[in-house]
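Enquirer: Sharing a structure with you now.
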Amino acid sequence: MSDYRALGGVPFMPKPARPAPANTTGVVGWMRQNLFSSPSNALLTLVGAYIAYVTIMAILNWAVFNAVFEAESRRECLDLVGRAGACWPGVVAWSRQIMYGLYPADQIWRINMGFLTLILWVVPLWLPRVQSKVAIGLTAVLVYPFLASYWFLGGQAGFVWSVLIAASIACFVWVWATALLESFTGATFGRFVLTLLGVQHRSEQDQRRVLRAVAAAMLLVAYVAVSFWTLPFVPTTRWGGFFLTLVISGIGIAFSLPSGILLALGRRCDMPVIRIACVLFIELFRSVPLITILFMFNTMLPLFLPVGVEVNQLLRAIVAVCLFAAAYMAEVIRGGLQAIPRGQYEAASAMGLGFWQTTVLIIMPQALKIMIPTIVGNFIGLFKDTTLVSIIGLFDVLNMARAVGEDTRWLGLFIEPFFAVTVLYFICCFAMSQYSINLERKLDTGPGGRR
Amino acid sequence: MAITRDQKRPSAAPIWSFLNDATFRSIVYQLVTAASIILFFWWVIGNTTANMAQRNMSAGFDFLNVSAGFGISFTLIPYREGDSYLRVFQVGIANTLLVAIISIIFATVLGLFVGLARLSSNWLIRTLARSYVEVLRNTPLLLQIIAWFFGVFNLLPRPRDSIVWLDVFALNNRGFYMPAPLPEAGFNAVLLTLALAIVAAVYIRIWAKRRQDATGQIFPSLSVGAGLVFGLPLVVFLALGQPLSWEIPELRGFNFQGGLSVPPSFCALVIALSVYTSCFIAEIVRSGIQSVSRGQTEAAKSLNIKPNWTMRLIVLPQALRVIVPPLISQYLNVTKNSSLAIAIGFPDLVSVWMNTSLNQSGRAIPIVAMTMAFYCAASLFVSLLMNAYNRRILLKER
């Protein structure tokens, strides 16, 4: 410390640091490093910039700058700008059909309500303090469809269907009661009800009895409510547009996960009959294109069922899509199962867990977590493949978009509706894939933690 | 607890204890499964025969020799309107395979290119490649096929105003026209030389590898092989006085005549399939190359291996191990996806067989079975190929 003082008595004063060379920091530095690091790189950048500029300007010119936004018919558009710009009024005029198909205009609010219910049902999954997320997610997949079926189909509900709808409504009430209670008080719904009724100190058996009674009462109230609730019947032949696409792919996705898990377990079990049956099913459905399965079910399902049983076309398509999706999902899940080290099974055995306990508590949570990107990729694939139902004559979003160009007023207007549908699909699929990447990062507990 | 159970056991195990026996349970489960599957099929078959009897349908294959009696707009193998249904099936398979093979070639080249662009050190190129992949991967293939067909190939000019390149290729709304090769006497010799050259190149490669394993000496088998395959036939071709002429399509009357031509639906299908598949191939290539750890490149550098050899001898062999299996399954996907041809009226297997022939003959069961059998056979063939490859590249661990 005192050495340099002894040398000259001048305290150490560092000179101010020189600024970094101008060429390595800031925008210029970044550009030098990433775009112009060598002559060939600079050339590539210029070529790339040219391609990007031409593509983006072509799309913008067509879709925005030269486009027509108000016209009565395609002729008018063509007179105004010719083929240089898009003719959006046709798409706007048909937007209702593209979204909802031929669903009666005065009933469309039901579709919106149906999807709003779904959104409300799954919102609690994102609330941070909610604990029963697994139960909420399961009810959304297993119970919500009954309520949705009534929103979309309507008509006179029979006894069984009414009970299912009532159960669905009761579940919905439970979901939100749970979400609110857990967010604000931290107590589960059951504990809250018990406290409310003043029976929280009774024996466990009594408490369970009380809870069962409460559930039954909720169901009864919901059933009474349902019996007063009638919506006009809308046959599935009038379903169409993006709504139909969402229904088919939603059912396919909801069905594929549980059945895929069962098939994958069946394929890995050591009972030869079950294993062979699963392998045959999976391999058959994976090796043929979806369109052949759709055709097959379209022509042969009526043959397979007893004489005189009619199956509507939507149901045939849904059966085909579900079986196809299940076979694909089974292979994805199998990949996840194979990645679980043997030690996990042995440890579960050592803890005295049986097959189902091991599977449900130890193996599946890990396998599903590893496979999240692939599972979501599969969902996206299924969502895209749903467009194939247009080939067997269902009026899904693609057929509706094609119908625009066959309308006499908008004759030949094909590119604009297809462009709109493409954008719609892109937004949905891209959002799904980005969300899965996000989820993967959040759940990553591997060595090194969050990478 | 444990003690009481031990005390009980010798006296008398309860009579139902066999219910907890794993083997017994497994047998019961399997019997139940087998029985329910058999019952299900019995039920389905019973229903089907009843339905078919009611509708006067038959399930036999005897219709295969009957004349189909409809025309097919594009056929790779010769077909006339009076030919049998069996011929229609063959035409469908040939068309499907043609579309699949051409799309696979284009998709591989494009995918490799985009995949490498995604790894570029240049930010702009990387971003462009990424947006290409994201946009095309996240929109349905059927939509893309229809968009190419209606948006591009349907709007092409009439034959009179065709787009013509180099006076030999022409593109209009009736299709794409190109010259057809007409082999003359002696051309077979060229083909024979080509075959011999390929055999020789493969043999040289094997020999060079064996020598390298034994002595460490490197022989430039790749460039010598390429020289043989391209050079020898060329020499023979020139020596024989170029025994090949081209039939160039010409505008006669309302359309081009002569040469080879493909309909617009074929072009739309091939382009859409290759562009769509190239995105997946690009991602496969990228992840394959990224899967080779950095240490490998660094180790190669520290051993003073030349950079281009590092890529060829260190990185690529390890990356290929990751790339090839998903790549092959993409190829299979292309074959399956080519069935979407039906949306734009290209006569592939599903379109001519499962749609037209089925509607016309009403033989649903044999036709569906034959279509599925074709796709199953293709997929079985590919999985055999893949298993063989996987066995070959299996890491030899200590």
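Chain labels run A, B, ... following the order of the structure tokens; each chain numbers its residues from 1, and ligands are numbered from 1 in the order shown.
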Could you pull the residues within 9 Å of stretch 92-95 of chain A, counting only C-alpha atoms, minus those fewer than 4 positions along the same chain, as a compact mmCIF listing (two decimals) with C-alpha atoms, in the first residue's frame?
Expert:
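Writing the result to out.txt gives the following:
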```txt
# COMPACT_ATOMS: atom_id res chain seq x y z
CA TRP A 88 -61.19 -7.73 -49.15
CA MET A 99 -66.12 -18.62 -39.12
CA TYR A 100 -69.46 -20.35 -38.41
CA MET A 400 -66.14 -22.20 -46.85
CA ALA A 401 -63.17 -20.18 -48.14
CA VAL A 404 -66.46 -17.46 -51.65
CA PRO A 417 -60.13 -16.00 -48.58
```
Enquirer: Output as a ChimeraX atom specification all residues of stretch 195-313 of chain A that backbone DSSP marks as alpha helix (DSSP H).
Expert: /A:195-197,204-227,241-268,272-287,290-304,313
Enquirer: So, with only C-alpha atoms as the atoms that count, which of B:Ala299, B:Val285, B:Ile145, B:Leu124 lies closest to chain A?
Expert: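 Answer, going by the shortest atom-to-atom distance: B:Leu124.
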Enquirer: Once you count only C-alpha atoms, which residues of chain A turn out to be within 7 Å of chain B? Could you give them as number ranges by chain?
Expert: A: 34-35, 41, 45, 48, 271, 273-274, 284, 287-289, 296, 303-307, 384-385, 387, 391, 414-415, 418, 422, 425-426, 429-430
Enquirer: Take the selection from the previous step and output its residues with N, CA, C and O atoms, as a compact mmCIF listing (two decimals), in the first residue's frame.
Expert:
```txt
# COMPACT_ATOMS: atom_id res chain seq x y z
N ASN A 34 -22.65 -9.24 -36.99
CA ASN A 34 -23.66 -10.20 -37.43
C ASN A 34 -23.98 -10.13 -38.91
O ASN A 34 -24.57 -11.04 -39.45
N LEU A 35 -23.67 -9.04 -39.54
CA LEU A 35 -24.09 -8.88 -40.93
C LEU A 35 -22.93 -8.71 -41.91
O LEU A 35 -23.02 -9.13 -43.05
N ASN A 41 -19.98 -12.57 -46.38
CA ASN A 41 -21.10 -12.36 -45.48
C ASN A 41 -21.88 -11.11 -45.87
O ASN A 41 -23.12 -11.09 -45.84
N THR A 45 -25.74 -10.77 -46.90
CA THR A 45 -26.66 -9.84 -46.25
C THR A 45 -27.42 -9.03 -47.29
O THR A 45 -28.64 -8.87 -47.19
N GLY A 48 -29.90 -11.24 -49.00
CA GLY A 48 -30.99 -11.53 -48.08
C GLY A 48 -31.90 -10.33 -47.92
O GLY A 48 -33.13 -10.46 -47.93
N MET A 271 -47.97 -58.60 -21.77
CA MET A 271 -48.99 -59.60 -22.11
C MET A 271 -49.11 -59.63 -23.63
O MET A 271 -49.54 -58.66 -24.25
N VAL A 273 -50.97 -60.86 -26.03
CA VAL A 273 -52.19 -60.60 -26.80
C VAL A 273 -52.46 -59.10 -26.86
O VAL A 273 -52.70 -58.52 -27.92
N ILE A 274 -52.39 -58.45 -25.69
CA ILE A 274 -52.66 -57.02 -25.63
C ILE A 274 -51.62 -56.25 -26.44
O ILE A 274 -51.93 -55.33 -27.19
N LEU A 284 -51.13 -49.92 -38.19
CA LEU A 284 -52.06 -49.79 -39.31
C LEU A 284 -52.44 -48.32 -39.50
O LEU A 284 -52.38 -47.78 -40.61
N SER A 287 -49.57 -46.04 -40.75
CA SER A 287 -48.91 -46.23 -42.05
C SER A 287 -49.78 -45.77 -43.22
O SER A 287 -49.28 -45.66 -44.32
N VAL A 288 -51.06 -45.50 -42.98
CA VAL A 288 -51.88 -45.02 -44.10
C VAL A 288 -52.18 -43.54 -43.91
O VAL A 288 -52.22 -43.06 -42.79
N PRO A 289 -52.35 -42.81 -45.01
CA PRO A 289 -52.63 -41.38 -44.89
C PRO A 289 -54.01 -41.14 -44.28
O PRO A 289 -54.91 -41.98 -44.44
N MET A 296 -62.32 -44.25 -45.84
CA MET A 296 -62.76 -45.57 -45.40
C MET A 296 -63.94 -45.45 -44.46
O MET A 296 -64.96 -46.11 -44.64
N LEU A 303 -71.54 -49.49 -43.26
CA LEU A 303 -71.60 -50.93 -43.50
C LEU A 303 -71.31 -51.72 -42.23
O LEU A 303 -71.84 -52.81 -42.03
N PHE A 304 -70.42 -51.16 -41.37
CA PHE A 304 -70.00 -51.89 -40.18
C PHE A 304 -71.10 -51.94 -39.12
O PHE A 304 -71.10 -52.81 -38.27
N LEU A 305 -72.00 -50.96 -39.13
CA LEU A 305 -73.00 -50.88 -38.07
C LEU A 305 -74.24 -51.68 -38.45
O LEU A 305 -74.43 -51.98 -39.63
N PRO A 306 -75.06 -52.03 -37.47
CA PRO A 306 -76.24 -52.84 -37.77
C PRO A 306 -77.10 -52.20 -38.86
O PRO A 306 -77.11 -50.97 -39.03
N VAL A 307 -77.82 -53.03 -39.59
CA VAL A 307 -78.65 -52.56 -40.70
C VAL A 307 -79.62 -51.49 -40.19
O VAL A 307 -80.26 -51.67 -39.16
N LYS A 384 -53.90 -28.97 -38.13
CA LYS A 384 -53.71 -28.69 -39.56
C LYS A 384 -54.38 -29.76 -40.40
O LYS A 384 -54.99 -29.47 -41.43
N ASP A 385 -54.28 -31.02 -39.95
CA ASP A 385 -54.83 -32.12 -40.74
C ASP A 385 -56.35 -32.09 -40.78
O ASP A 385 -56.95 -32.73 -41.66
N THR A 387 -58.15 -29.97 -41.81
CA THR A 387 -58.61 -29.40 -43.08
C THR A 387 -59.00 -30.50 -44.08
O THR A 387 -59.75 -30.24 -45.01
N ILE A 391 -62.30 -32.59 -47.88
CA ILE A 391 -62.27 -33.45 -49.07
C ILE A 391 -63.45 -34.41 -49.06
O ILE A 391 -63.98 -34.76 -50.11
N PHE A 414 -60.49 -16.37 -55.05
CA PHE A 414 -59.97 -17.51 -54.30
C PHE A 414 -58.82 -17.11 -53.39
O PHE A 414 -58.73 -17.55 -52.26
N ILE A 415 -57.92 -16.28 -53.89
CA ILE A 415 -56.68 -16.04 -53.17
C ILE A 415 -56.94 -15.33 -51.85
O ILE A 415 -56.36 -15.68 -50.82
N PHE A 418 -58.34 -17.59 -49.08
CA PHE A 418 -57.30 -18.54 -48.66
C PHE A 418 -56.22 -17.83 -47.86
O PHE A 418 -55.71 -18.39 -46.88
N THR A 422 -55.21 -18.78 -44.16
CA THR A 422 -53.81 -19.08 -43.85
C THR A 422 -53.34 -18.29 -42.65
O THR A 422 -52.70 -18.83 -41.74
N TYR A 425 -54.84 -19.76 -39.49
CA TYR A 425 -54.15 -20.98 -39.09
C TYR A 425 -52.78 -20.67 -38.53
O TYR A 425 -52.36 -21.23 -37.52
N PHE A 426 -52.07 -19.77 -39.20
CA PHE A 426 -50.72 -19.47 -38.75
C PHE A 426 -50.73 -18.93 -37.33
O PHE A 426 -49.94 -19.35 -36.49
N CYS A 429 -51.48 -21.87 -34.86
CA CYS A 429 -50.40 -22.86 -34.74
C CYS A 429 -49.16 -22.24 -34.13
O CYS A 429 -48.50 -22.84 -33.28
N PHE A 430 -48.83 -21.03 -34.56
CA PHE A 430 -47.62 -20.39 -34.06
C PHE A 430 -47.76 -20.12 -32.57
O PHE A 430 -46.83 -20.36 -31.78
```
Enquirer: Can you tell me which residues surround A:Gly377 at a distance of at most 8 Å, considering only C-alpha atoms, apart from same-chain residues fewer than 4 positions away, and format the answer as a PyMOL selection string?
Expert: chain A and resi 373+381+433
Enquirer: Hey, what's within 12 Å of A:Val319 if we count only C-alpha atoms and toss same-chain stuff fewer than 4 positions away? As a list in words, please?
Expert: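 Listed by chain and then number, they are Ile248, Ser249, Ile251, Gly252, Phe255, Ser256, Leu290, Ile293, Leu294, Phe295, Met296, Phe297, Asn298, Leu301, Val311, Asn312, Gln313, Leu314, Leu315, Leu323, Phe324, Ala325, Ala326 and Val389 of chain A.
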Enquirer: Got time to write the residues from that selection, N, CA and C atoms, as a PDB file, in the first residue's frame?
Expert:
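File written: selection.pdb
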```
ATOM      1  N   ILE A 248     -63.858 -30.470 -34.472  1.00  0.00           N
ATOM      2  CA  ILE A 248     -63.249 -31.758 -34.838  1.00  0.00           C
ATOM      3  C   ILE A 248     -61.861 -31.887 -34.227  1.00  0.00           C
ATOM      4  N   SER A 249     -61.052 -30.823 -34.369  1.00  0.00           N
ATOM      5  CA  SER A 249     -59.698 -30.971 -33.844  1.00  0.00           C
ATOM      6  C   SER A 249     -59.730 -31.001 -32.322  1.00  0.00           C
ATOM      7  N   ILE A 251     -62.079 -32.307 -30.358  1.00  0.00           N
ATOM      8  CA  ILE A 251     -62.443 -33.663 -29.924  1.00  0.00           C
ATOM      9  C   ILE A 251     -61.271 -34.606 -30.173  1.00  0.00           C
ATOM     10  N   GLY A 252     -60.625 -34.448 -31.334  1.00  0.00           N
ATOM     11  CA  GLY A 252     -59.473 -35.304 -31.642  1.00  0.00           C
ATOM     12  C   GLY A 252     -58.377 -35.160 -30.601  1.00  0.00           C
ATOM     13  N   PHE A 255     -59.424 -36.599 -27.225  1.00  0.00           N
ATOM     14  CA  PHE A 255     -59.490 -38.053 -27.237  1.00  0.00           C
ATOM     15  C   PHE A 255     -58.095 -38.665 -27.344  1.00  0.00           C
ATOM     16  N   SER A 256     -57.218 -37.998 -28.086  1.00  0.00           N
ATOM     17  CA  SER A 256     -55.944 -38.640 -28.428  1.00  0.00           C
ATOM     18  C   SER A 256     -55.060 -38.857 -27.203  1.00  0.00           C
ATOM     19  N   LEU A 290     -54.158 -40.014 -43.605  1.00  0.00           N
ATOM     20  CA  LEU A 290     -55.432 -39.684 -42.967  1.00  0.00           C
ATOM     21  C   LEU A 290     -56.577 -39.691 -43.970  1.00  0.00           C
ATOM     22  N   ILE A 293     -58.113 -42.971 -44.374  1.00  0.00           N
ATOM     23  CA  ILE A 293     -58.921 -43.357 -43.209  1.00  0.00           C
ATOM     24  C   ILE A 293     -60.261 -42.635 -43.254  1.00  0.00           C
ATOM     25  N   LEU A 294     -60.222 -41.343 -43.620  1.00  0.00           N
ATOM     26  CA  LEU A 294     -61.475 -40.591 -43.719  1.00  0.00           C
ATOM     27  C   LEU A 294     -62.392 -41.209 -44.775  1.00  0.00           C
ATOM     28  N   PHE A 295     -61.817 -41.545 -45.924  1.00  0.00           N
ATOM     29  CA  PHE A 295     -62.605 -42.161 -46.988  1.00  0.00           C
ATOM     30  C   PHE A 295     -63.176 -43.490 -46.517  1.00  0.00           C
ATOM     31  N   MET A 296     -62.321 -44.249 -45.840  1.00  0.00           N
ATOM     32  CA  MET A 296     -62.756 -45.566 -45.404  1.00  0.00           C
ATOM     33  C   MET A 296     -63.938 -45.448 -44.458  1.00  0.00           C
ATOM     34  N   PHE A 297     -63.815 -44.567 -43.449  1.00  0.00           N
ATOM     35  CA  PHE A 297     -64.911 -44.444 -42.498  1.00  0.00           C
ATOM     36  C   PHE A 297     -66.135 -43.842 -43.163  1.00  0.00           C
ATOM     37  N   ASN A 298     -65.906 -42.962 -44.115  1.00  0.00           N
ATOM     38  CA  ASN A 298     -67.030 -42.335 -44.783  1.00  0.00           C
ATOM     39  C   ASN A 298     -67.852 -43.366 -45.551  1.00  0.00           C
ATOM     40  N   LEU A 301     -68.173 -47.088 -42.550  1.00  0.00           N
ATOM     41  CA  LEU A 301     -68.776 -47.100 -41.218  1.00  0.00           C
ATOM     42  C   LEU A 301     -70.257 -47.486 -41.280  1.00  0.00           C
ATOM     43  N   VAL A 311     -75.423 -42.990 -39.505  1.00  0.00           N
ATOM     44  CA  VAL A 311     -74.406 -42.208 -38.821  1.00  0.00           C
ATOM     45  C   VAL A 311     -74.220 -40.942 -39.640  1.00  0.00           C
ATOM     46  N   ASN A 312     -74.288 -39.784 -38.996  1.00  0.00           N
ATOM     47  CA  ASN A 312     -74.104 -38.597 -39.826  1.00  0.00           C
ATOM     48  C   ASN A 312     -72.647 -38.397 -40.172  1.00  0.00           C
ATOM     49  N   GLN A 313     -72.434 -37.605 -41.205  1.00  0.00           N
ATOM     50  CA  GLN A 313     -71.097 -37.521 -41.781  1.00  0.00           C
ATOM     51  C   GLN A 313     -70.079 -36.936 -40.814  1.00  0.00           C
ATOM     52  N   LEU A 314     -70.542 -35.988 -39.986  1.00  0.00           N
ATOM     53  CA  LEU A 314     -69.622 -35.375 -39.030  1.00  0.00           C
ATOM     54  C   LEU A 314     -69.078 -36.433 -38.081  1.00  0.00           C
ATOM     55  N   LEU A 315     -69.984 -37.316 -37.620  1.00  0.00           N
ATOM     56  CA  LEU A 315     -69.567 -38.339 -36.669  1.00  0.00           C
ATOM     57  C   LEU A 315     -68.551 -39.282 -37.305  1.00  0.00           C
ATOM     58  N   LEU A 323     -59.325 -41.901 -34.077  1.00  0.00           N
ATOM     59  CA  LEU A 323     -58.507 -43.107 -34.109  1.00  0.00           C
ATOM     60  C   LEU A 323     -57.117 -42.790 -34.666  1.00  0.00           C
ATOM     61  N   PHE A 324     -57.079 -41.961 -35.700  1.00  0.00           N
ATOM     62  CA  PHE A 324     -55.810 -41.567 -36.301  1.00  0.00           C
ATOM     63  C   PHE A 324     -54.934 -40.855 -35.268  1.00  0.00           C
ATOM     64  N   ALA A 325     -55.553 -39.888 -34.571  1.00  0.00           N
ATOM     65  CA  ALA A 325     -54.787 -39.104 -33.598  1.00  0.00           C
ATOM     66  C   ALA A 325     -54.287 -39.989 -32.462  1.00  0.00           C
ATOM     67  N   ALA A 326     -55.122 -40.959 -32.046  1.00  0.00           N
ATOM     68  CA  ALA A 326     -54.720 -41.830 -30.942  1.00  0.00           C
ATOM     69  C   ALA A 326     -53.479 -42.625 -31.318  1.00  0.00           C
ATOM     70  N   VAL A 389     -60.971 -32.863 -43.777  1.00  0.00           N
ATOM     71  CA  VAL A 389     -62.386 -33.252 -43.799  1.00  0.00           C
ATOM     72  C   VAL A 389     -63.117 -32.527 -44.918  1.00  0.00           C
TER      73      VAL A 389
END
```
Enquirer: Can you tell me, as a list in words, what residues are no more than 12 Å from A:Phe228 when counting only C-alpha atoms, ignoring any on the same chain fewer than 4 positions away?
Expert: Gln156, Ala157, Ser162, Ala166, Val221, Ala222, Tyr223 and Val224 of chain A
Enquirer: For the residues in the current selection, export N, CA and C atoms as a compact mmCIF listing (two decimals), in the first residue's frame.
Expert:
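Heads up, here's the output in result.txt:
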```
# COMPACT_ATOMS: atom_id res chain seq x y z
N GLN A 156 -84.11 -31.11 -27.77
CA GLN A 156 -84.70 -31.74 -26.61
C GLN A 156 -83.70 -32.73 -26.02
N ALA A 157 -83.20 -32.47 -24.81
CA ALA A 157 -82.23 -33.37 -24.21
C ALA A 157 -82.94 -34.49 -23.50
N SER A 162 -79.30 -34.95 -20.25
CA SER A 162 -79.56 -33.87 -19.30
C SER A 162 -78.69 -34.00 -18.06
N ALA A 166 -76.05 -31.40 -16.74
CA ALA A 166 -76.13 -30.89 -15.37
C ALA A 166 -74.80 -31.09 -14.65
N VAL A 221 -79.69 -29.39 -8.37
CA VAL A 221 -80.02 -28.01 -8.72
C VAL A 221 -79.73 -27.78 -10.20
N ALA A 222 -78.54 -28.26 -10.63
CA ALA A 222 -78.15 -28.07 -12.03
C ALA A 222 -79.13 -28.78 -12.95
N TYR A 223 -79.58 -29.99 -12.52
CA TYR A 223 -80.51 -30.74 -13.36
C TYR A 223 -81.82 -29.98 -13.53
N VAL A 224 -82.31 -29.40 -12.41
CA VAL A 224 -83.55 -28.63 -12.49
C VAL A 224 -83.35 -27.45 -13.44
```
Enquirer: As JSON, numbers by chain, please: the residues near B:Leu244 (cut-off 7 Å, only C-alpha atoms, same-chain neighbours under 6 positions excluded).
Expert: {"B": [181, 182, 183, 184, 187]}
Enquirer: Atom CA of A:Val193 and atom CA of A:Gln205, how far apart in Å?
Expert: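 If I compute the distance from atom CA of A:Gln205 to atom CA of A:Val193, I get 15.2 Å.
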Enquirer: Considering only C-alpha atoms, can you say which of A:Glu440, A:Glu182, A:Asp206, A:Asp270 comes closest to A:Leu368?
Expert: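 Comparing A:Glu440, A:Glu182, A:Asp206, A:Asp270 against A:Leu368, the winner is A:Glu440.
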